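First up is the structure itself, then whatever we jot down about it.
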Amino acid sequence: MSGSVCIHGHFYQPPRQDPWLEEVLPEASAAPFLNWNERIARECYYPLAFARILDGEGRIREIINCYEWINFNFGPTLLSWMEQHLPRTYARILEADRISRERTGHGNAMAQVYHHTILPLDSPRERILEIRWSIHDFKARFGRRPEGMWLAETAVDVPTLEDLAAEGIKYTILSPAQAKAVSPLEKDRWESVSSPDLDVGRPYKVFLPSGKTICVFFFHAGLATSVAFDGLLGDGEAFWQKLAREAGEGMALVATDGESYGHHFKFGEMALAYVIDQVGKNRQGLTLKNAGQLLDEFPPKRKVEIRENSSWSCAHGLKRWQEHCGCADGGHPEWKQHWRKPLRRALNYLKYYADEHFSRKAPEVISQPQNALAEYGRVLAGLQPRDEFASSWFVSPGEKESVRAWSFLEMQRHCLAAFASCAWFFDDLYRLEPMNALTCALRGMQLLEETGGSFVREGFLQLMEDAESNRSEAGNGRSIWAAEIEPRRISSRQLAFTGFVAERVHGRKEFPGVRIRMHAGKDTECPRAEVIWERTGVREWVIAEFTGGGLDECGLLGDAREVRFNHLPPRLRSLVACWSASNLARKQWADVVQAAAELVRTGLYTEPGQKELVRAMRGLAPGLVWSRIQGEPVPDRVFDFARRIVLANPLVAETVREKIQERLLQGLSAGEKDDVLMRIITRSEEAGLAPDMFEIRNLIWEDGDGRGGELLLKAGIASSAGVR
Ligand SMILES: [Zn+2]
């Protein structure tokens, strides 16, 4: 047997970045993790980059990077998050593409539609932007042009394929149900086909009206179903057997949601690692290949006509992203999705006015605004410096004009981001995904108004009134907007405050998209904060009246500050609470501990004061726990009280756990003594915050020089000899 298998992983997360901060804020439903990106990364993206192959006794025999052996696409919004938050995994993904390219002449990575919008539902201009920005982003990350592009939900029509071909994309992957008719390449002898009969053992060619062509792989439906629904990833050997059987002497491409490996199916990454290991042993001659290789080795022999306006996740074509069609995920089969239509209409309404404003007014500050917008993707990707872009496209170098020009470009970006397909995918309007789309719309609308465009909010909300949630308490789109979306708008003052806390307490200087500069005031004058939006070039000055001495700097203690803290939107509030887990100056911290001890002492004697006490301690608790874990003298009683507060709030607990993790990894890389690190682990366990040993084990394993016994034991590795 000498079959070739291509396992494709489509890795995707709905965009969660706050459009003001360019940062993913805490999401309560992801607890004990900070947000869903963190959670899925820990369950899937990270283990795939460091997947274990065990020996007969269950010890680690080898750690492999699965991304080196599968075809994959991630997409810009997820990769930009990973770049900041999971640098090691991110580096492994880039490395996987480079190594596979050296090995095979083709990289494993495939591009993905920039905002994951349903391209056939986009306007021609939007479609081009989504494709071009995606290519810019891909080039910036992988250092080459993409050969293939993954279409969101594999939604396709002929104009979409035309645009892909025009941009030099060689192939895409579709579901076999999206093939309508096939014919030999050289002659026109068309036969209509249905999914089960379609031969997916070779890619097909599509001849487009323009005369261009593009190749299409149809994935193996049986394999995809077994992975997604029949629990095939529960057993590595069964997975291997099935792949080998289906590939036979030819090829098979299995397309899966990347999150199947570890998130949808626990330890799914180990089944994949097992298959990779078997292939490495050259068992039965089966090989794993990427799509580029398959295209070389199995060139198309037939052409195909695709089913227009079809997708892989809606049996009704593209209705899932426009109306109630019966397709929905989310666990409430009885719910209706009539809210989909007004949601799309409202977003289209906003986009219509944004487009109109852009074409009428942007020329005042941008020359050839449409072309500039397409090229703006290069700035977003980091391929072109902002000032260079400004000097090629902006009409005037003046600051006011530049701010206006950047605002126009950003308005278009946010309005476009609102169309990410996930907003319509699930069963209700009152969920994270549609609300994230509406948040992008709010940001776009704000920029539309700030650049002198029409006031479209009322018209937008009238349309949203028709979007009824299935949860009667949530009401319709207008009430959700008022209760959930409008409060997400973040003012400069709130940003300055948050930035201030971040810098002082957390040691963090900036958000990815916004920089806060603090300027000390004179004796009688309040300090001032300068809020700079890096992307729009907008600046604003704010009086930073929330400063003070000592404890008050947390912004969490003292009545006046408590009021201001409570004025923050809930999302910022929880962020600030997390940040307070970090270091103040040592001397200040001794005061904090003393004050906390005093609070606990008095609190213990006045039972009714307990609630107040918890409130007062809330901001301090994480820092107190963290200090004790690091070996600072925090009295038992205070520690115990603080510990309980931390554990009662999963968000805060996770943040502290992360800090512990970070500390241990730093210690390990710096060659710190085992007993020091062991004490940190023991004290963390005492606090009920045992660190995640997965990454620690990997690091010890990679280190491989048989470092210290105790830590290795703790990490579940019997001896250094057992490591290799
Ligand atoms: Zn449907």
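Residue numbers start at 1 in each chain; chains themselves are named A, B, ... in the order of the structure tokens; ligands are numbered from 1 in the order shown.
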For this session: Within 9 Å of ligand 1, which residues show up when you count only C-alpha atoms and all ligand atoms? List them as a list in words, please.
Result: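 The neighbouring residues of ligand 1 are, in order, Ser313, Cys314, Ala315, His316, Gly317, Leu318, Lys319, Arg320, Trp321, Glu323, His324, Cys325, Gly326, Cys327 and Ala328 of chain A.
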Write a file of the selected residues as a short mmCIF file (atom, residue, chain, number, x, y, z; two decimals), in the first residue's frame, keeping N, CA, C and O atoms.
```
data_model
loop_
_atom_site.label_atom_id
_atom_site.label_comp_id
_atom_site.auth_asym_id
_atom_site.auth_seq_id
_atom_site.Cartn_x
_atom_site.Cartn_y
_atom_site.Cartn_z
N SER A 313 -21.84 23.92 5.78
CA SER A 313 -22.54 23.80 7.07
C SER A 313 -24.00 24.22 7.02
O SER A 313 -24.62 24.42 8.05
N CYS A 314 -24.54 24.39 5.80
CA CYS A 314 -25.97 24.67 5.70
C CYS A 314 -26.50 23.88 4.51
O CYS A 314 -26.03 24.03 3.39
N ALA A 315 -27.48 23.05 4.79
CA ALA A 315 -28.05 22.21 3.73
C ALA A 315 -28.86 23.04 2.75
O ALA A 315 -29.27 22.57 1.70
N HIS A 316 -29.09 24.30 3.11
CA HIS A 316 -29.94 25.16 2.27
C HIS A 316 -29.12 26.19 1.51
O HIS A 316 -29.64 27.23 1.13
N GLY A 317 -27.86 25.90 1.32
CA GLY A 317 -26.99 26.83 0.59
C GLY A 317 -26.39 27.85 1.53
O GLY A 317 -25.53 27.53 2.34
N LEU A 318 -26.86 29.10 1.44
CA LEU A 318 -26.32 30.16 2.29
C LEU A 318 -27.38 30.75 3.21
O LEU A 318 -27.20 31.82 3.76
N LYS A 319 -28.50 30.04 3.35
CA LYS A 319 -29.60 30.63 4.15
C LYS A 319 -29.22 30.80 5.62
O LYS A 319 -29.73 31.68 6.29
N ARG A 320 -28.32 29.96 6.09
CA ARG A 320 -27.94 30.02 7.49
C ARG A 320 -27.43 31.41 7.91
O ARG A 320 -27.52 31.79 9.08
N TRP A 321 -26.89 32.15 6.95
CA TRP A 321 -26.33 33.46 7.27
C TRP A 321 -27.27 34.59 6.87
O TRP A 321 -26.88 35.75 6.82
N GLU A 323 -31.26 33.89 7.18
CA GLU A 323 -32.64 33.70 7.64
C GLU A 323 -32.78 32.44 8.48
O GLU A 323 -31.81 31.71 8.68
N HIS A 324 -33.99 32.21 8.96
CA HIS A 324 -34.28 30.99 9.72
C HIS A 324 -34.40 29.84 8.71
O HIS A 324 -35.33 29.79 7.93
N CYS A 325 -33.41 28.92 8.74
CA CYS A 325 -33.48 27.82 7.78
C CYS A 325 -33.50 26.48 8.49
O CYS A 325 -33.62 25.43 7.87
N GLY A 326 -33.38 26.49 9.81
CA GLY A 326 -33.39 25.23 10.55
C GLY A 326 -32.00 24.77 10.94
O GLY A 326 -31.85 23.92 11.80
N CYS A 327 -30.95 25.32 10.30
CA CYS A 327 -29.59 24.96 10.69
C CYS A 327 -29.15 25.89 11.82
O CYS A 327 -29.16 27.11 11.63
N ALA A 328 -28.78 25.32 12.95
CA ALA A 328 -28.28 26.16 14.04
C ALA A 328 -27.58 25.30 15.07
O ALA A 328 -27.99 24.17 15.32
#
```
For this session: Would you list the contacts of stretch 224-231 of chain A as a list in words, taking every protein, DNA or RNA residue within 9 Å and counting only C-alpha atoms, but skipping same-chain residues closer than 4 positions in sequence?
Result: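 Near stretch 224-231 of chain A, the qualifying residues are Phe219, His220, Asp235, Phe239, Val254, Ala255, Thr256, Asp257, Ser260, His264 and Phe265 of chain A.
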Long-range neighbours of stretch 393-403 of chain A as a PDB file with N, CA, C and O atoms, in the first residue's frame, 9 Å cut-off, only C-alpha atoms, 2 positions minimum in chain:
```
ATOM      1  N   PRO A 363     -12.252  61.162  -0.338  1.00  0.00           N
ATOM      2  CA  PRO A 363     -11.314  61.801  -1.281  1.00  0.00           C
ATOM      3  C   PRO A 363     -10.770  63.149  -0.802  1.00  0.00           C
ATOM      4  O   PRO A 363      -9.736  63.609  -1.284  1.00  0.00           O
ATOM      5  N   GLU A 364     -11.456  63.774   0.162  1.00  0.00           N
ATOM      6  CA  GLU A 364     -10.933  65.043   0.693  1.00  0.00           C
ATOM      7  C   GLU A 364      -9.578  64.836   1.378  1.00  0.00           C
ATOM      8  O   GLU A 364      -8.766  65.741   1.440  1.00  0.00           O
ATOM      9  N   VAL A 365      -9.371  63.662   1.932  1.00  0.00           N
ATOM     10  CA  VAL A 365      -8.118  63.428   2.671  1.00  0.00           C
ATOM     11  C   VAL A 365      -7.295  62.237   2.149  1.00  0.00           C
ATOM     12  O   VAL A 365      -6.133  62.083   2.510  1.00  0.00           O
ATOM     13  N   ILE A 366      -7.914  61.375   1.316  1.00  0.00           N
ATOM     14  CA  ILE A 366      -7.185  60.210   0.792  1.00  0.00           C
ATOM     15  C   ILE A 366      -7.292  60.231  -0.732  1.00  0.00           C
ATOM     16  O   ILE A 366      -8.394  60.361  -1.260  1.00  0.00           O
ATOM     17  N   SER A 367      -6.167  60.098  -1.415  1.00  0.00           N
ATOM     18  CA  SER A 367      -6.277  60.013  -2.870  1.00  0.00           C
ATOM     19  C   SER A 367      -6.573  58.570  -3.246  1.00  0.00           C
ATOM     20  O   SER A 367      -6.010  57.644  -2.657  1.00  0.00           O
ATOM     21  N   GLN A 368      -7.470  58.364  -4.191  1.00  0.00           N
ATOM     22  CA  GLN A 368      -7.933  57.032  -4.596  1.00  0.00           C
ATOM     23  C   GLN A 368      -8.282  56.160  -3.381  1.00  0.00           C
ATOM     24  O   GLN A 368      -7.627  55.147  -3.122  1.00  0.00           O
ATOM     25  N   PRO A 369      -9.314  56.561  -2.643  1.00  0.00           N
ATOM     26  CA  PRO A 369      -9.622  55.866  -1.379  1.00  0.00           C
ATOM     27  C   PRO A 369      -9.826  54.362  -1.530  1.00  0.00           C
ATOM     28  O   PRO A 369      -9.413  53.606  -0.652  1.00  0.00           O
ATOM     29  N   ALA A 372      -6.511  52.757  -1.806  1.00  0.00           N
ATOM     30  CA  ALA A 372      -5.808  52.926  -0.531  1.00  0.00           C
ATOM     31  C   ALA A 372      -6.345  51.925   0.489  1.00  0.00           C
ATOM     32  O   ALA A 372      -5.582  51.325   1.249  1.00  0.00           O
ATOM     33  N   GLU A 388       4.908  55.714   5.788  1.00  0.00           N
ATOM     34  CA  GLU A 388       5.131  55.488   4.361  1.00  0.00           C
ATOM     35  C   GLU A 388       3.785  55.399   3.630  1.00  0.00           C
ATOM     36  O   GLU A 388       3.592  55.984   2.570  1.00  0.00           O
ATOM     37  N   PHE A 389       2.847  54.667   4.245  1.00  0.00           N
ATOM     38  CA  PHE A 389       1.503  54.558   3.671  1.00  0.00           C
ATOM     39  C   PHE A 389       0.872  55.938   3.573  1.00  0.00           C
ATOM     40  O   PHE A 389       0.322  56.309   2.539  1.00  0.00           O
ATOM     41  N   ALA A 390       0.989  56.720   4.663  1.00  0.00           N
ATOM     42  CA  ALA A 390       0.378  58.049   4.690  1.00  0.00           C
ATOM     43  C   ALA A 390       0.957  58.921   3.588  1.00  0.00           C
ATOM     44  O   ALA A 390       0.225  59.626   2.887  1.00  0.00           O
ATOM     45  N   SER A 391       2.277  58.851   3.388  1.00  0.00           N
ATOM     46  CA  SER A 391       2.834  59.750   2.379  1.00  0.00           C
ATOM     47  C   SER A 391       2.474  59.296   0.964  1.00  0.00           C
ATOM     48  O   SER A 391       2.423  60.123   0.059  1.00  0.00           O
ATOM     49  N   ALA A 405      -8.180  60.842   7.921  1.00  0.00           N
ATOM     50  CA  ALA A 405      -7.939  59.789   6.932  1.00  0.00           C
ATOM     51  C   ALA A 405      -7.867  58.414   7.602  1.00  0.00           C
ATOM     52  O   ALA A 405      -8.496  57.455   7.160  1.00  0.00           O
ATOM     53  N   TRP A 406      -7.112  58.322   8.689  1.00  0.00           N
ATOM     54  CA  TRP A 406      -7.042  57.032   9.405  1.00  0.00           C
ATOM     55  C   TRP A 406      -8.424  56.610   9.885  1.00  0.00           C
ATOM     56  O   TRP A 406      -8.774  55.431   9.856  1.00  0.00           O
ATOM     57  N   SER A 407      -9.206  57.603  10.344  1.00  0.00           N
ATOM     58  CA  SER A 407     -10.541  57.272  10.862  1.00  0.00           C
ATOM     59  C   SER A 407     -11.426  56.686   9.760  1.00  0.00           C
ATOM     60  O   SER A 407     -12.208  55.771  10.013  1.00  0.00           O
ATOM     61  N   PHE A 408     -11.313  57.212   8.546  1.00  0.00           N
ATOM     62  CA  PHE A 408     -12.081  56.659   7.415  1.00  0.00           C
ATOM     63  C   PHE A 408     -11.722  55.188   7.189  1.00  0.00           C
ATOM     64  O   PHE A 408     -12.587  54.336   7.011  1.00  0.00           O
ATOM     65  N   THR A 536      -5.452  54.480  14.487  1.00  0.00           N
ATOM     66  CA  THR A 536      -6.116  55.592  13.815  1.00  0.00           C
ATOM     67  C   THR A 536      -5.257  56.836  13.856  1.00  0.00           C
ATOM     68  O   THR A 536      -5.515  57.783  13.129  1.00  0.00           O
ATOM     69  N   GLY A 537      -4.252  56.844  14.728  1.00  0.00           N
ATOM     70  CA  GLY A 537      -3.464  58.054  14.859  1.00  0.00           C
ATOM     71  C   GLY A 537      -4.180  59.126  15.669  1.00  0.00           C
ATOM     72  O   GLY A 537      -3.705  60.246  15.791  1.00  0.00           O
ATOM     73  N   VAL A 538      -5.354  58.799  16.245  1.00  0.00           N
ATOM     74  CA  VAL A 538      -6.088  59.765  17.065  1.00  0.00           C
ATOM     75  C   VAL A 538      -5.399  59.912  18.415  1.00  0.00           C
ATOM     76  O   VAL A 538      -4.866  58.951  18.967  1.00  0.00           O
ATOM     77  N   ARG A 539      -5.377  61.149  18.951  1.00  0.00           N
ATOM     78  CA  ARG A 539      -4.837  61.391  20.289  1.00  0.00           C
ATOM     79  C   ARG A 539      -5.850  62.153  21.106  1.00  0.00           C
ATOM     80  O   ARG A 539      -6.592  62.971  20.564  1.00  0.00           O
TER      81      ARG A 539
END
```
Exercise. Nearest to A:Ala247: which of A:Val158, A:Ile645, A:Ala420, A:Ile7 is it, counting only C-alpha atoms?
Worked result: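 Once distances to A:Ala247 are computed over only C-alpha atoms, the minimum belongs to A:Ile7.
Candidate residues A:Thr287, A:Ser472, A:Ser310, A:Ser627 were compared for distance to A:Val5, and the nearest is A:Thr287, using only C-alpha atoms.
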For this session: Tell me, in Å to one decimal, how far atom CA of A:Asp163 is from atom CA of A:Ala381.
Result: 20.5 Å
For this session: May I have all residues of stretch 207-388 of chain A that DSSP, computed from the backbone, assigns to strand (DSSP E), given as number ranges by chain?
Result: A: 207, 213-218, 251-257, 287-288, 302-306
Could you please take those selected residues and save C-alpha atoms as a compact mmCIF listing (two decimals), in the first residue's frame?
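Once everything was written out, this is selection-v8.txt:
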```
# COMPACT_ATOMS: atom_id res chain seq x y z
CA PHE A 207 -12.87 26.79 -15.80
CA THR A 213 -8.88 28.36 -13.82
CA ILE A 214 -8.67 27.28 -10.21
CA CYS A 215 -8.36 23.84 -8.59
CA VAL A 216 -10.77 22.44 -6.05
CA PHE A 217 -10.18 19.59 -3.60
CA PHE A 218 -13.33 17.90 -2.40
CA MET A 251 -5.10 10.00 -2.07
CA ALA A 252 -7.64 11.20 0.46
CA LEU A 253 -8.07 14.66 1.91
CA VAL A 254 -9.84 14.88 5.25
CA ALA A 255 -11.04 18.36 6.23
CA THR A 256 -11.80 18.88 9.90
CA ASP A 257 -12.39 21.67 12.33
CA THR A 287 2.37 9.13 3.78
CA LEU A 288 1.00 12.43 5.07
CA ARG A 302 -11.51 16.25 -14.74
CA LYS A 303 -13.26 19.57 -14.49
CA VAL A 304 -16.14 20.43 -12.22
CA GLU A 305 -19.07 22.81 -12.14
CA ILE A 306 -19.73 23.94 -8.58
```
Problem set entry | Atomic distance atom CA of A:Ile169 - atom CA of A:Arg307, expressed in Å with one decimal |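 Between atom CA of A:Ile169 and atom CA of A:Arg307 the gap works out to 19.7 Å.
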For this session: May I ask for the distance between atom CA of A:Pro203 and atom CA of A:Cys422, given in Å to one decimal place?
Result: 28.4 Å
